[in-house]
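Read through the structure below, which is laid out as structure tokens, and then see the notes.
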Amino acid sequence: MTSTVSSTVETGQSVEPAVHQGSLGLARGTALYIAAVLGTGILVLPGLAASVAGPASIIAVAVVFLLSIPLAGTFAALASRYPDPGGVASYARRALGDVWARMAGYWFYFGVCVGAPVVGVLGAEYVVAVLGVDHAAVAWVGIAIFVPPFVINFFGVRVSGALQLVLTALLLVVVVGVVAVSFPQSDAANFQPFLPHGIAGVGTAISLFLWAFAGWEVGTHIAGEFRNPRRVIPIATAIAVVVVGAAYLALQLVTVAVLGDAAGTSATPLLDLVADGAPGYGPFLVAVIAAVVVAGVVNAYLGAFGKLGASLGRDGDLPRWLARGVEDGGIPRRSLSVVALLISVYYALMAASGFELTPFILVHTSSMAAIYAIGMVAAVRLLATWSLGWWMAVVSTVLTAGLLVLAGPNLIIPAVLAVAAVIVGLFKRRTKRE
């Protein structure tokens with residue numbers, strides 16, 4: 001049943017009432033968080049990290065896991081206190097003003113969305129490899145992967161959240177299965193030498209795994225869909241942090257122990273991981289992993305994209321036609337339709353490039369870095385000074401500044417979107433004068 005929960009949120013010296021009519025409880029909310037973070041990275045990153053850092057890639061995973069704690073904690077503190085579908089854009093509006101809010105909104109809606117086709121293609125690669133069909137089928141399988149999540153999201157978060165609970169449960173069962181099946185094939189010799197590429201290799205592996213531990217901001221866009229955001233979101237985040245960290249550490253351990261130097265040499269490393277331990281049903285297990293992971297990630301992100309687009313319409317940063325469904329419990333079908341169009345365009349561009357994933361991944365990650373940086377600065381200004389959330393925001397601000405440095409020239413697309421946000425602001429100001 002849909003319940004109504006009244007809460008208060010603090011903004012500087014004032015206290016504002018907020019009423020939420022959400023349907024997400026702890027179980028479904030936690031499932032959405034886990035799916036958003038424990039995503040397609042498990043399909044490729046353990047092998048890639050092992051190839052650049054060797055056994056020391058395990059340290060890289062542990063480091064990124066620890067670094068993700070303050071970031072996840074900061075987003076949880078913000079989402080639980082300021083549940084609004086605008087997410088980071090809403091926090092930026094409160095703390096930094098309309099222009100920065102518009103930039104954050106555009107970065108997520110148009111920039112992060114560029115990574116959506118990548119998710120479909122990664123899943124399609126596994127499905128096609130397992131089925132043994134022509135590689136050209138990747139394009140069509142990738143498109144087919146998006147259809148069920150889109151249909152489900154058109155029925156609202158009540159339905160998509162229930163589906164996510166099932167998908168996440170299957171995902172965790174399969175991850176445990178892969179680890180259990182492959183671990184007996186471990187070879188202690190694969191752990192020597194431990195640092196074949198030195199500290200630099202560990203640094204590269206850390207950079208790779210930043211993709212794996214991204215996604216904590218997704219929950220901010222659906223915070224109002226929780227029955228009790230102030231209580232449930234921090235708990236859901238804490239559970240998700242532990243589960244995601246344990247899953248990646250376990251996968252990295254068996255990847256090194258089983259594959260050794262062969263890690264990272266295939267587009268479908270999980271197939272190699274289970275090939276010896278489960279020659280009969282291993283490929284089927286991997287196909288299930290790919291399908292569950294991709295469906296879960298797309299399902300989680302579509303809800304965030306839909307709600308953000310509706311909030312941008314509500315605030316006048318996109319056409320107000322998109323605002324329908326922005327309210328708690330509402331279904332942003334118009335915004336989801338625009339997202340479907342955007343993903344179609346991005347997918348067509350990727351197909352035209354011969355499915356070269358790197359440029360699309362870089363646009364996605366650089367947009368995420370920009371969003372994180374703005375979000376953490378806003379958090380420092382919004383959260384109570386000296387509180388645990390504030391300290392996590394301070395630490396995360398330093399970390400996200402480093403992400404911006406790593407992004408470097410890849411920030412060109414976020415810069416273009418920032419200019420667009422400024423131009424829209426000037427147009428709105430001129431329209432008001434007239």
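Naming scheme: A, B, ... for chains in displayed order of the structure tokens; residues 1 onward per chain; ligands 1 onward as shown.
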* So which residues touch stretch 300-314 of chain A within 9 Å, counting only C-alpha atoms, skipping near sequence neighbours fewer than 2 positions away, as a PyMOL selection string? -> chain A and resi 32-33+35-36+84-87+89-90+102+105-106+108-109+113+116+149-150+153+156-157+160-161+164+215+218-222+295-298+316-327+330-339
* To do: Mind checking which residues fall within 9 Å of A:Ala369, counting only C-alpha atoms, ignoring those fewer than 3 positions away in the same chain, and posting them as a list in words?
  => His364, Thr365, Ser366, Tyr372, Ala373, Ile374, Thr400, Ala401, Leu403, Leu404, Ala407 and Leu411 of chain A
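The two atoms in question, atom CA of A:Leu195 and atom CA of A:Val52, are spaced 9.9 Å apart.
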* To do: Considering only C-alpha atoms, return as a ChimeraX atom specification whatever protein or nucleic-acid residues lie within 12 Å of A:Val293, sequence-local ones (same chain, fewer than 5 positions apart) excluded.
  => /A:32,34-44,119-120,122-124,126-127,145,149,164,166-175,286-288,298-300
